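A.B. asks: My structure is in model23.tsv, and what it holds is TSV, C-alpha atoms:
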chain	number	residue	atom	x	y	z
W	1	MET	CA	156.93	83.66	24.00
W	2	HIS	CA	155.31	82.78	27.29
W	3	GLY	CA	151.94	84.39	27.98
W	4	VAL	CA	152.83	85.31	31.58
W	5	ALA	CA	155.98	87.10	30.45
W	6	LEU	CA	154.04	89.05	27.84
W	7	LYS	CA	151.41	89.97	30.41
W	8	TYR	CA	154.02	91.29	32.84
W	9	PHE	CA	155.83	93.12	30.04
W	10	ALA	CA	152.60	94.83	28.86
W	11	GLU	CA	151.79	95.92	32.42
W	12	VAL	CA	155.23	97.45	32.96
W	13	ALA	CA	154.86	99.26	29.64
W	14	ALA	CA	151.47	100.61	30.71
W	15	THR	CA	152.50	101.71	34.20
W	16	GLY	CA	156.09	102.78	33.51
W	17	SER	CA	157.66	100.97	36.46
W	18	LEU	CA	158.15	97.53	38.01
W	19	SER	CA	156.68	98.63	41.35
W	20	ALA	CA	153.49	100.04	39.79
W	21	ALA	CA	153.04	96.85	37.72
W	22	SER	CA	153.58	94.81	40.89
W	23	GLU	CA	150.78	96.65	42.69
W	24	ARG	CA	148.34	96.15	39.81
W	25	LEU	CA	149.20	92.50	39.19
W	26	PHE	CA	149.65	91.52	42.87
W	27	VAL	CA	152.95	89.90	41.89
W	28	ALA	CA	156.37	90.43	43.47
W	29	VAL	CA	158.68	92.91	41.75
W	30	SER	CA	161.40	90.28	41.55
W	31	ALA	CA	159.11	87.88	39.65
W	32	ILE	CA	158.18	90.56	37.11
W	33	SER	CA	161.83	91.57	36.71
W	34	ARG	CA	162.84	87.95	35.98
W	35	GLN	CA	160.18	87.61	33.27
W	36	ILE	CA	161.27	90.88	31.63
W	37	ALA	CA	164.90	89.70	31.69
W	38	LYS	CA	163.88	86.40	30.02
W	39	LEU	CA	162.08	88.30	27.27
W	40	GLU	CA	165.06	90.55	26.69
W	41	ALA	CA	167.34	87.51	26.48
W	42	GLU	CA	164.98	85.89	24.00
W	43	VAL	CA	164.75	88.90	21.67
W	44	GLY	CA	168.43	89.74	22.14
W	45	THR	CA	168.01	93.44	22.95
W	46	PRO	CA	166.77	95.65	25.81
W	47	LEU	CA	163.01	96.25	25.81
W	48	PHE	CA	163.14	99.20	28.20
W	49	GLN	CA	165.36	102.15	28.90
W	50	ARG	CA	165.88	102.33	32.67
W	51	MET	CA	165.38	105.95	33.72
W	52	SER	CA	165.57	107.57	37.16
W	53	ARG	CA	161.79	108.11	37.12
W	54	GLY	CA	160.77	104.79	35.62
W	55	MET	CA	161.06	102.58	32.56
W	56	VAL	CA	160.49	103.74	28.98
W	57	LEU	CA	160.02	101.37	26.06
W	58	SER	CA	162.89	101.03	23.62
W	59	GLU	CA	162.24	100.85	19.88
W	60	ALA	CA	162.28	97.04	20.12
W	61	GLY	CA	159.91	97.26	23.09
W	62	GLU	CA	157.44	99.32	21.07
W	63	LEU	CA	157.35	96.60	18.41
W	64	LEU	CA	156.93	93.84	20.97
W	65	LEU	CA	154.16	95.70	22.82
W	66	ALA	CA	151.85	95.70	19.79
W	67	HIS	CA	152.37	91.93	19.44
W	68	ALA	CA	151.86	91.37	23.19
W	69	ARG	CA	148.56	93.23	23.25
W	70	ARG	CA	147.16	91.29	20.29
W	71	THR	CA	148.36	87.98	21.73
W	72	LEU	CA	146.83	88.58	25.16
W	73	LEU	CA	143.50	89.71	23.70
W	74	GLU	CA	143.30	86.75	21.33
W	75	ALA	CA	144.12	84.38	24.22
W	76	GLU	CA	141.17	85.88	26.12
W	77	ALA	CA	138.95	85.38	23.07
W	78	VAL	CA	139.93	81.70	22.81
W	79	LEU	CA	139.16	81.13	26.49
W	80	GLN	CA	135.80	82.88	26.04
W	81	GLY	CA	135.06	80.69	23.01
W	82	ILE	CA	135.69	77.60	25.13
W	83	ALA	CA	133.43	79.01	27.85
W	84	ASP	CA	130.72	79.58	25.21
W	85	LEU	CA	130.86	75.89	24.31
W	86	ARG	CA	129.98	75.11	27.94
W	87	GLY	CA	127.03	77.53	27.78
W	88	ALA	CA	128.71	80.13	30.00
W	89	PRO	CA	127.67	83.80	29.58
W	90	GLY	CA	129.56	85.72	26.89
W	91	GLY	CA	132.27	88.25	27.63
W	92	THR	CA	131.83	92.00	27.80
W	93	ILE	CA	131.98	93.96	24.53
W	94	ARG	CA	133.98	97.07	25.41
W	95	VAL	CA	133.03	100.11	23.33
W	96	VAL	CA	134.45	103.64	23.46
W	97	ALA	CA	132.85	106.53	21.61
W	98	THR	CA	132.58	110.27	21.34
W	99	ASP	CA	129.43	111.96	22.67
W	100	GLY	CA	127.45	111.93	19.41
W	101	PRO	CA	127.32	108.16	18.79
W	102	ALA	CA	127.03	107.47	22.53
W	103	HIS	CA	124.00	109.73	23.04
W	104	HIS	CA	121.23	107.44	21.74
W	105	PHE	CA	122.64	105.46	18.82
W	106	LEU	CA	124.94	102.99	20.58
W	107	PRO	CA	122.74	102.30	23.66
W	108	GLU	CA	119.78	101.57	21.37
W	109	LEU	CA	121.93	99.25	19.23
W	110	MET	CA	123.20	97.43	22.30
W	111	SER	CA	119.66	96.93	23.54
W	112	ALA	CA	118.55	95.56	20.16
W	113	PHE	CA	121.61	93.28	19.97
W	114	ARG	CA	120.81	91.78	23.36
W	115	GLY	CA	117.40	90.87	21.98
W	116	ARG	CA	119.19	88.33	19.76
W	117	HIS	CA	122.03	87.58	22.20
W	118	PRO	CA	120.66	87.74	25.76
W	119	HIS	CA	124.04	86.81	27.26
W	120	ALA	CA	125.88	89.73	25.60
W	121	ARG	CA	127.27	92.31	27.99
W	122	PHE	CA	128.49	95.81	27.16
W	123	SER	CA	130.52	98.63	28.58
W	124	LEU	CA	130.39	102.09	26.97
W	125	HIS	CA	132.94	104.78	27.79
W	126	VAL	CA	132.49	108.31	26.40
W	127	CYS	CA	135.67	110.25	25.67
W	128	SER	CA	137.46	112.35	23.06
W	129	GLN	CA	138.31	110.99	19.62
W	130	ALA	CA	142.02	110.80	20.44
W	131	GLU	CA	141.42	108.88	23.67
W	132	ALA	CA	138.94	106.54	21.98
W	133	VAL	CA	141.40	105.31	19.37
W	134	ARG	CA	144.20	105.18	21.96
W	135	ARG	CA	142.13	102.85	24.15
W	136	VAL	CA	141.52	100.58	21.18
W	137	ALA	CA	145.20	100.62	20.17
W	138	GLU	CA	146.21	99.70	23.73
W	139	GLY	CA	143.64	96.92	24.05
W	140	GLN	CA	141.52	98.67	26.68
W	141	ALA	CA	138.50	98.58	24.35
W	142	ASP	CA	137.35	96.29	21.54
W	143	LEU	CA	136.15	99.02	19.19
W	144	SER	CA	135.65	102.76	18.97
W	145	VAL	CA	133.00	104.82	17.21
W	146	SER	CA	134.08	108.40	16.60
W	147	PHE	CA	134.47	111.21	14.10
W	148	ASN	CA	137.93	110.90	12.58
W	149	THR	CA	139.82	113.11	10.19
W	150	GLU	CA	143.31	111.59	10.49
W	151	HIS	CA	144.86	108.12	10.48
W	152	SER	CA	145.29	106.65	13.95
W	153	GLN	CA	148.40	104.53	14.58
W	154	GLY	CA	147.74	101.06	15.97
W	155	THR	CA	144.12	100.90	14.81
W	156	VAL	CA	142.32	100.24	11.55
W	157	ALA	CA	139.00	101.69	10.35
W	158	ARG	CA	136.68	98.72	9.79
W	159	HIS	CA	133.76	100.86	8.65
W	160	ALA	CA	133.31	104.51	7.70
W	161	ILE	CA	130.54	106.73	6.39
W	162	SER	CA	130.42	110.38	5.45
W	163	ALA	CA	129.47	112.51	8.47
W	164	PRO	CA	128.74	116.09	7.37
W	165	ILE	CA	127.54	118.66	9.87
W	166	TYR	CA	123.82	119.47	9.94
W	167	ALA	CA	121.83	122.47	11.11
W	168	VAL	CA	119.26	121.24	13.63
W	169	MET	CA	116.32	123.51	14.41
W	170	CYS	CA	112.66	123.49	15.43
W	171	ARG	CA	110.07	122.71	12.76
W	172	ALA	CA	108.71	126.26	12.83
W	173	HIS	CA	112.11	127.83	12.14
W	174	PRO	CA	112.24	130.08	9.01
W	175	LEU	CA	115.10	127.99	7.57
W	176	ALA	CA	113.21	124.70	7.97
W	177	ARG	CA	111.52	125.15	4.59
W	178	HIS	CA	114.87	124.84	2.79
W	179	LEU	CA	116.38	121.52	1.68
W	180	CYS	CA	119.83	122.76	2.76
W	181	VAL	CA	121.28	125.92	4.25
W	182	SER	CA	124.48	127.89	3.67
W	183	PRO	CA	126.74	129.56	6.27
W	184	GLY	CA	125.44	132.94	5.04
W	185	GLN	CA	121.81	131.94	5.68
W	186	LEU	CA	122.71	130.88	9.24
W	187	LEU	CA	124.47	134.15	10.02
W	188	PRO	CA	121.41	136.05	11.42
W	189	TYR	CA	120.50	133.28	13.91
W	190	PRO	CA	122.02	132.40	17.31
W	191	LEU	CA	124.18	129.30	16.87
W	192	ALA	CA	124.98	126.47	19.28
W	193	THR	CA	127.75	123.94	18.76
W	194	ALA	CA	130.46	121.79	20.33
W	195	ASP	CA	133.51	123.13	22.16
W	196	SER	CA	136.73	124.22	20.47
W	197	ALA	CA	138.48	120.86	20.98
W	198	SER	CA	135.98	118.96	18.81
W	199	SER	CA	136.36	118.11	15.14
W	200	THR	CA	132.90	119.63	14.58
W	201	ARG	CA	133.97	123.06	15.84
W	202	LYS	CA	137.24	123.03	13.88
W	203	LEU	CA	135.44	122.14	10.66
W	204	LEU	CA	132.80	124.85	11.17
W	205	GLU	CA	135.43	127.49	11.84
W	206	ARG	CA	137.28	126.50	8.66
W	207	CYS	CA	134.08	126.68	6.58
W	208	TRP	CA	133.10	130.10	7.94
W	209	ARG	CA	136.64	131.39	7.39
W	210	LEU	CA	136.61	130.22	3.76
W	211	GLU	CA	133.35	132.15	3.31
W	212	GLY	CA	134.90	135.27	4.81
W	213	LEU	CA	132.64	135.02	7.88
W	214	ARG	CA	133.38	134.98	11.59
W	215	PHE	CA	132.08	132.00	13.54
W	216	GLU	CA	130.64	133.20	16.87
W	217	PRO	CA	128.33	130.67	18.60
W	218	VAL	CA	126.22	131.90	21.51
W	219	PHE	CA	126.15	128.53	23.26
W	220	VAL	CA	128.95	125.95	23.45
W	221	SER	CA	128.82	122.52	25.08
W	222	ASN	CA	130.48	119.12	24.80
W	223	LEU	CA	127.09	117.49	25.48
W	224	SER	CA	124.84	117.04	22.46
W	225	ALA	CA	121.69	116.72	24.58
W	226	ALA	CA	122.33	120.19	26.04
W	227	LEU	CA	122.78	121.64	22.55
W	228	MET	CA	119.48	120.19	21.30
W	229	SER	CA	117.59	121.37	24.38
W	230	PHE	CA	118.99	124.87	23.86
W	231	VAL	CA	117.57	125.22	20.33
W	232	ARG	CA	114.18	123.59	20.88
W	233	ASN	CA	111.16	125.93	20.43
W	234	SER	CA	113.29	128.93	19.45
W	235	ASP	CA	115.00	130.63	16.50
W	236	ARG	CA	118.36	129.17	17.60
W	237	VAL	CA	120.22	126.59	15.47
W	238	MET	CA	122.43	123.72	16.59
W	239	LEU	CA	125.34	122.85	14.30
W	240	GLY	CA	126.57	119.33	14.77
W	241	ALA	CA	126.58	115.72	13.65
W	242	TYR	CA	123.31	114.24	12.49
W	243	LEU	CA	123.73	111.08	14.56
W	244	PRO	CA	122.94	112.36	18.06
W	245	ALA	CA	119.85	114.14	16.75
W	246	VAL	CA	118.28	111.06	15.13
W	247	SER	CA	116.17	110.05	18.13
W	248	ALA	CA	115.04	113.65	18.76
W	249	LEU	CA	114.03	114.01	15.12
W	250	ARG	CA	112.06	110.78	15.19
W	251	ARG	CA	110.18	111.97	18.27
W	252	GLY	CA	109.29	115.17	16.42
W	253	GLY	CA	109.81	118.82	17.13
W	254	LEU	CA	113.21	119.17	15.44
W	255	VAL	CA	114.41	118.98	11.84
W	256	ALA	CA	117.89	118.68	10.34
W	257	ARG	CA	119.17	120.41	7.23
W	258	PRO	CA	122.56	119.72	5.60
W	259	ILE	CA	124.96	122.66	5.39
W	260	ASP	CA	125.75	123.50	1.80
W	261	HIS	CA	129.55	123.73	1.78
W	262	PRO	CA	132.15	121.48	0.05
W	263	GLU	CA	134.22	121.17	3.25
W	264	MET	CA	131.37	119.22	4.86
W	265	SER	CA	132.24	116.10	2.86
W	266	THR	CA	135.68	115.80	4.48
W	267	ARG	CA	134.55	114.38	7.83
W	268	ARG	CA	133.92	110.67	8.41
W	269	LEU	CA	132.33	108.65	11.19
W	270	GLN	CA	134.52	105.59	11.68
W	271	VAL	CA	134.49	102.32	13.61
W	272	HIS	CA	138.04	101.38	14.66
W	273	THR	CA	139.52	98.13	15.96
W	274	MET	CA	143.07	97.21	16.92
W	275	GLU	CA	145.28	96.73	13.88
W	276	GLY	CA	145.98	93.05	13.18
W	277	ARG	CA	143.71	91.76	15.96
W	278	LEU	CA	141.37	88.82	15.42
W	279	LEU	CA	138.15	89.87	17.14
W	280	PRO	CA	135.96	87.48	19.16
W	281	GLY	CA	132.92	86.29	17.22
W	282	MET	CA	130.45	88.27	19.33
W	283	VAL	CA	132.41	91.50	18.90
W	284	GLU	CA	132.69	90.93	15.15
W	285	GLU	CA	128.94	90.38	14.92
W	286	PHE	CA	128.20	93.54	16.89
W	287	LEU	CA	130.55	95.50	14.62
W	288	GLY	CA	128.50	94.30	11.65
W	289	HIS	CA	125.35	95.39	13.48
W	290	ILE	CA	126.81	98.90	13.90
W	291	ALA	CA	127.87	99.07	10.24
W	292	ALA	CA	124.41	98.08	8.97
W	293	SER	CA	122.71	100.64	11.19
W	294	LEU	CA	125.08	103.42	10.12
W	295	GLU	CA	124.40	102.67	6.48
W	296	GLY	CA	120.67	102.90	7.13
W	297	ILE	CA	121.07	106.29	8.80
W	298	ALA	CA	123.30	107.52	5.98
W	299	GLU	CA	120.59	106.64	3.47
W	300	ASP	CA	117.69	108.12	5.44
W	301	GLY	CA	119.44	111.04	7.15
W	302	PRO	CA	118.57	113.97	4.88
W	303	SER	CA	114.94	112.82	4.60
W	304	TYR	CA	114.03	113.20	8.29
W	305	GLY	CA	111.78	116.22	8.56
W	306	ALA	CA	112.83	117.58	5.19
W	307	PRO	CA	110.28	119.27	2.97
W	308	ARG	CA	109.42	116.91	0.17
W	309	ALA	CA	109.72	118.17	-3.36
W	310	ARG	CA	106.64	117.62	-5.49
W	311	PRO	CA	107.18	114.82	-7.97
W	312	LYS	CA	107.41	115.95	-11.56
W	313	PRO	CA	104.39	114.93	-13.62
W	314	ARG	CA	105.14	112.04	-15.90
W	315	ALA	CA	104.95	112.68	-19.61
W	316	ARG	CA	101.88	110.97	-21.04
W	317	LEU	CA	102.63	108.60	-23.86
W	318	PRO	CA	100.36	108.69	-26.92
W	319	ALA	CA	97.76	105.97	-26.84
W	320	ALA	CA	98.44	102.98	-29.03
W	321	PRO	CA	96.13	102.72	-32.06
W	322	ARG	CA	93.28	100.28	-31.63
W	323	LYS	CA	93.37	97.14	-33.70
W	324	THR	CA	90.39	96.60	-35.95
W	325	ARG	CA	89.23	93.37	-37.47
W	326	ALA	CA	89.47	93.12	-41.23
W	327	LEU	CA	86.12	92.70	-42.95
W	328	ALA	CA	85.66	89.60	-44.99
Take the structure I supplied and represent it as structure tokens, if you would.
C.D. replies:
Amino acid sequence: MHGVALKYFAEVAATGSLSAASERLFVAVSAISRQIAKLEAEVGTPLFQRMSRGMVLSEAGELLLAHARRTLLEAEAVLQGIADLRGAPGGTIRVVATDGPAHHFLPELMSAFRGRHPHARFSLHVCSQAEAVRRVAEGQADLSVSFNTEHSQGTVARHAISAPIYAVMCRAHPLARHLCVSPGQLLPYPLATADSASSTRKLLERCWRLEGLRFEPVFVSNLSAALMSFVRNSDRVMLGAYLPAVSALRRGGLVARPIDHPEMSTRRLQVHTMEGRLLPGMVEEFLGHIAASLEGIAEDGPSYGAPRARPKPRARLPAAPRKTRALA
């Protein structure tokens, strides 16, 4: 299939009409219509249903669209690879993420990655989990980093780690001396957390309900920085992902304690890419950089600011008997 035809087809699918695709591509409507007709003749079936308010993909069109997106992206990757051979600057790595990973984690990783690859360029768009995976599935982004609880059609999870919710508080908080805290222990304190649309909030409400408790936060925000500022130097507690709090914990002043509830193990932080797509080498390398950093955080997470248990004294072994020389 011709690349131009696939490009025009994908644009019509995205915009829903020939005229809208024409405006975005700066190509005549008649030229786009001819290419769509050629594709339909080649596959032997209509790719769109012509409606009064636009064009909607047929079942065959849905199948072709996934192939078209992968083909166009891989063609771009090949052209970029050729440009790399000439010493031209690398392409932009397009990342979408929810607020938690985007707060400090991803910008710091991007900065470190550019230390090894000075020509690397990045774009970072913050959005909801559903929009993040949709952008990856539609080829608008190379990878997404978000908290997922369900399978997302058109994408594949390339890396995942457990992402339980933590209670973040100031070091002087009465609960800071515990290694973990339960929903019942948190009940007397003012709580701050994400808004009702987030996976964090839904999981917390389910945990509290299973414990027979009512979840009533006093401060709600979709911005993790606002949540952490709200609890600093007070008896308030932020309930959220550990990831956005990492930098604040390293700077001091706050500590994180895992919430002791079996439901906490159900949430995962995942890195998604388009299903079936061959990623450009630079994107693949950055994905590995993300995965290695996430594994490091997963290993160290509970130890930041946590009270250290005293090591148990080792049992002393009986001393070996001394050897004596036999007398002649």
A.B. asks: Just how far from atom CA of W:Ala241 is atom CA of W:Gly212, in Å to one decimal?
C.D. replies: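 Going from atom CA of W:Gly212 over to atom CA of W:Ala241 covers 23.0 Å.
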A.B. asks: Fewer than 3 positions away in the same chain doesn't count, so skip those; otherwise give me all residues within 8 Å of W:Gly61, counting only C-alpha atoms, as a list in words.
C.D. replies: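 Final neighbour list, sorted by chain and number: Pro46, Leu47, Phe48, Leu57, Ser58, Leu64 and Leu65 of chain W.
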A.B. asks: I'd like the interatomic distance between atom CA of W:Leu239 and atom CA of W:Val168, to a tenth of an Å.
C.D. replies: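 About the pair atom CA of W:Leu239 and atom CA of W:Val168: they are 6.3 Å apart.
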A.B. asks: Using all atoms listed in the file, what table do you get, as a tab-separated table, when you list each residue of stretch 94-132 of chain W with an atom no more than 12 Å from stretch 259-269 of chain W, its nearest pair of atoms, and their distance in Å rounded to one decimal, rows by chain then rising number?
C.D. replies:
residue	atom	partner	partner_atom	distance
W:Ala97	CA	W:Leu269	CA	10.6
W:Thr98	CA	W:Leu269	CA	10.3
W:Gly100	CA	W:Leu269	CA	10.1
W:Pro101	CA	W:Leu269	CA	9.1
W:Gln129	CA	W:Leu269	CA	10.6
A.B. asks: Please indicate the distance in Å from atom CA of W:Glu275 to atom CA of W:Gly154, rounded to one decimal place.
C.D. replies: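 According to the coordinates, atom CA of W:Glu275 and atom CA of W:Gly154 are separated by 5.4 Å.
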A.B. asks: For the interface of stretch 255-304 of chain W with stretch 102-119 of chain W (cut-off 10 Å, counting only C-alpha atoms), please tabulate each contacting residue of stretch 255-304 of chain W alongside its nearest pair of atoms and their separation in Å to one decimal, rows sorted by chain and increasing number, as a tab-separated table.
C.D. replies:
residue	atom	partner	partner_atom	distance
W:Met282	CA	W:His117	CA	8.9
W:Glu285	CA	W:Phe113	CA	9.4
W:Phe286	CA	W:Phe113	CA	7.3
W:His289	CA	W:Leu109	CA	7.7
W:Ile290	CA	W:Leu109	CA	7.2
W:Ser293	CA	W:Leu109	CA	8.2
W:Leu294	CA	W:Phe105	CA	9.3
A.B. asks: For stretch 223-234 of chain W, which lacks atoms in the input, supply all heavy atoms and format the output as a PDB file, keeping the file's coordinate frame.
C.D. replies:
ATOM      1  N   LEU W 223     128.200 118.424  25.295  1.00  0.00           N
ATOM      2  CA  LEU W 223     127.090 117.490  25.480  1.00  0.00           C
ATOM      3  C   LEU W 223     126.019 117.773  24.438  1.00  0.00           C
ATOM      4  O   LEU W 223     125.403 118.844  24.448  1.00  0.00           O
ATOM      5  CB  LEU W 223     126.517 117.625  26.893  1.00  0.00           C
ATOM      6  CG  LEU W 223     125.428 116.629  27.295  1.00  0.00           C
ATOM      7  CD1 LEU W 223     125.989 115.212  27.328  1.00  0.00           C
ATOM      8  CD2 LEU W 223     124.854 116.994  28.656  1.00  0.00           C
ATOM      9  N   SER W 224     125.795 116.818  23.545  1.00  0.00           N
ATOM     10  CA  SER W 224     124.840 117.040  22.460  1.00  0.00           C
ATOM     11  C   SER W 224     123.420 117.238  22.959  1.00  0.00           C
ATOM     12  O   SER W 224     122.650 117.997  22.376  1.00  0.00           O
ATOM     13  CB  SER W 224     124.894 115.863  21.476  1.00  0.00           C
ATOM     14  OG  SER W 224     124.651 114.638  22.136  1.00  0.00           O
ATOM     15  N   ALA W 225     123.042 116.566  24.039  1.00  0.00           N
ATOM     16  CA  ALA W 225     121.690 116.720  24.580  1.00  0.00           C
ATOM     17  C   ALA W 225     121.452 118.159  25.025  1.00  0.00           C
ATOM     18  O   ALA W 225     120.355 118.706  24.846  1.00  0.00           O
ATOM     19  CB  ALA W 225     121.482 115.762  25.758  1.00  0.00           C
ATOM     20  N   ALA W 226     122.460 118.793  25.610  1.00  0.00           N
ATOM     21  CA  ALA W 226     122.330 120.190  26.040  1.00  0.00           C
ATOM     22  C   ALA W 226     122.152 121.102  24.833  1.00  0.00           C
ATOM     23  O   ALA W 226     121.347 122.040  24.862  1.00  0.00           O
ATOM     24  CB  ALA W 226     123.555 120.598  26.843  1.00  0.00           C
ATOM     25  N   LEU W 227     122.880 120.824  23.757  1.00  0.00           N
ATOM     26  CA  LEU W 227     122.780 121.640  22.550  1.00  0.00           C
ATOM     27  C   LEU W 227     121.374 121.566  21.954  1.00  0.00           C
ATOM     28  O   LEU W 227     120.794 122.579  21.555  1.00  0.00           O
ATOM     29  CB  LEU W 227     123.814 121.200  21.529  1.00  0.00           C
ATOM     30  CG  LEU W 227     125.280 121.447  21.908  1.00  0.00           C
ATOM     31  CD1 LEU W 227     126.201 120.718  20.940  1.00  0.00           C
ATOM     32  CD2 LEU W 227     125.591 122.935  21.913  1.00  0.00           C
ATOM     33  N   MET W 228     120.818 120.354  21.881  1.00  0.00           N
ATOM     34  CA  MET W 228     119.480 120.190  21.300  1.00  0.00           C
ATOM     35  C   MET W 228     118.405 120.825  22.170  1.00  0.00           C
ATOM     36  O   MET W 228     117.451 121.414  21.674  1.00  0.00           O
ATOM     37  CB  MET W 228     119.198 118.716  21.052  1.00  0.00           C
ATOM     38  CG  MET W 228     119.922 118.171  19.834  1.00  0.00           C
ATOM     39  SD  MET W 228     119.502 116.461  19.451  1.00  0.00           S
ATOM     40  CE  MET W 228     120.461 115.614  20.689  1.00  0.00           C
ATOM     41  N   SER W 229     118.559 120.730  23.485  1.00  0.00           N
ATOM     42  CA  SER W 229     117.590 121.370  24.380  1.00  0.00           C
ATOM     43  C   SER W 229     117.637 122.887  24.241  1.00  0.00           C
ATOM     44  O   SER W 229     116.619 123.563  24.353  1.00  0.00           O
ATOM     45  CB  SER W 229     117.889 120.974  25.834  1.00  0.00           C
ATOM     46  OG  SER W 229     117.696 119.593  26.028  1.00  0.00           O
ATOM     47  N   PHE W 230     118.819 123.428  23.977  1.00  0.00           N
ATOM     48  CA  PHE W 230     118.990 124.870  23.860  1.00  0.00           C
ATOM     49  C   PHE W 230     118.253 125.444  22.653  1.00  0.00           C
ATOM     50  O   PHE W 230     117.748 126.569  22.700  1.00  0.00           O
ATOM     51  CB  PHE W 230     120.480 125.203  23.778  1.00  0.00           C
ATOM     52  CG  PHE W 230     120.786 126.667  23.709  1.00  0.00           C
ATOM     53  CD1 PHE W 230     120.662 127.479  24.825  1.00  0.00           C
ATOM     54  CD2 PHE W 230     121.203 127.244  22.521  1.00  0.00           C
ATOM     55  CE1 PHE W 230     120.944 128.835  24.753  1.00  0.00           C
ATOM     56  CE2 PHE W 230     121.490 128.596  22.442  1.00  0.00           C
ATOM     57  CZ  PHE W 230     121.356 129.395  23.567  1.00  0.00           C
ATOM     58  N   VAL W 231     118.178 124.675  21.554  1.00  0.00           N
ATOM     59  CA  VAL W 231     117.570 125.220  20.330  1.00  0.00           C
ATOM     60  C   VAL W 231     116.093 124.884  20.201  1.00  0.00           C
ATOM     61  O   VAL W 231     115.403 125.455  19.354  1.00  0.00           O
ATOM     62  CB  VAL W 231     118.320 124.717  19.070  1.00  0.00           C
ATOM     63  CG1 VAL W 231     119.792 125.062  19.154  1.00  0.00           C
ATOM     64  CG2 VAL W 231     118.135 123.215  18.864  1.00  0.00           C
ATOM     65  N   ARG W 232     115.579 124.004  21.012  1.00  0.00           N
ATOM     66  CA  ARG W 232     114.180 123.590  20.880  1.00  0.00           C
ATOM     67  C   ARG W 232     113.239 124.774  21.124  1.00  0.00           C
ATOM     68  O   ARG W 232     113.442 125.575  22.036  1.00  0.00           O
ATOM     69  CB  ARG W 232     113.874 122.458  21.862  1.00  0.00           C
ATOM     70  CG  ARG W 232     112.566 121.729  21.583  1.00  0.00           C
ATOM     71  CD  ARG W 232     112.371 120.623  22.599  1.00  0.00           C
ATOM     72  NE  ARG W 232     113.421 119.630  22.517  1.00  0.00           N
ATOM     73  CZ  ARG W 232     113.393 118.596  21.680  1.00  0.00           C
ATOM     74  NH1 ARG W 232     112.381 118.448  20.851  1.00  0.00           N
ATOM     75  NH2 ARG W 232     114.382 117.721  21.672  1.00  0.00           N
ATOM     76  N   ASN W 233     112.190 124.891  20.298  1.00  0.00           N
ATOM     77  CA  ASN W 233     111.160 125.930  20.430  1.00  0.00           C
ATOM     78  C   ASN W 233     111.745 127.351  20.437  1.00  0.00           C
ATOM     79  O   ASN W 233     111.375 128.201  21.260  1.00  0.00           O
ATOM     80  CB  ASN W 233     110.337 125.710  21.707  1.00  0.00           C
ATOM     81  CG  ASN W 233     109.635 124.372  21.706  1.00  0.00           C
ATOM     82  OD1 ASN W 233     109.146 123.914  20.673  1.00  0.00           O
ATOM     83  ND2 ASN W 233     109.596 123.713  22.856  1.00  0.00           N
ATOM     84  N   SER W 234     112.673 127.607  19.514  1.00  0.00           N
ATOM     85  CA  SER W 234     113.290 128.930  19.450  1.00  0.00           C
ATOM     86  C   SER W 234     113.785 129.171  18.026  1.00  0.00           C
ATOM     87  O   SER W 234     113.623 128.323  17.145  1.00  0.00           O
ATOM     88  CB  SER W 234     114.474 129.016  20.427  1.00  0.00           C
ATOM     89  OG  SER W 234     115.561 128.243  19.948  1.00  0.00           O
TER      90      SER W 234
END
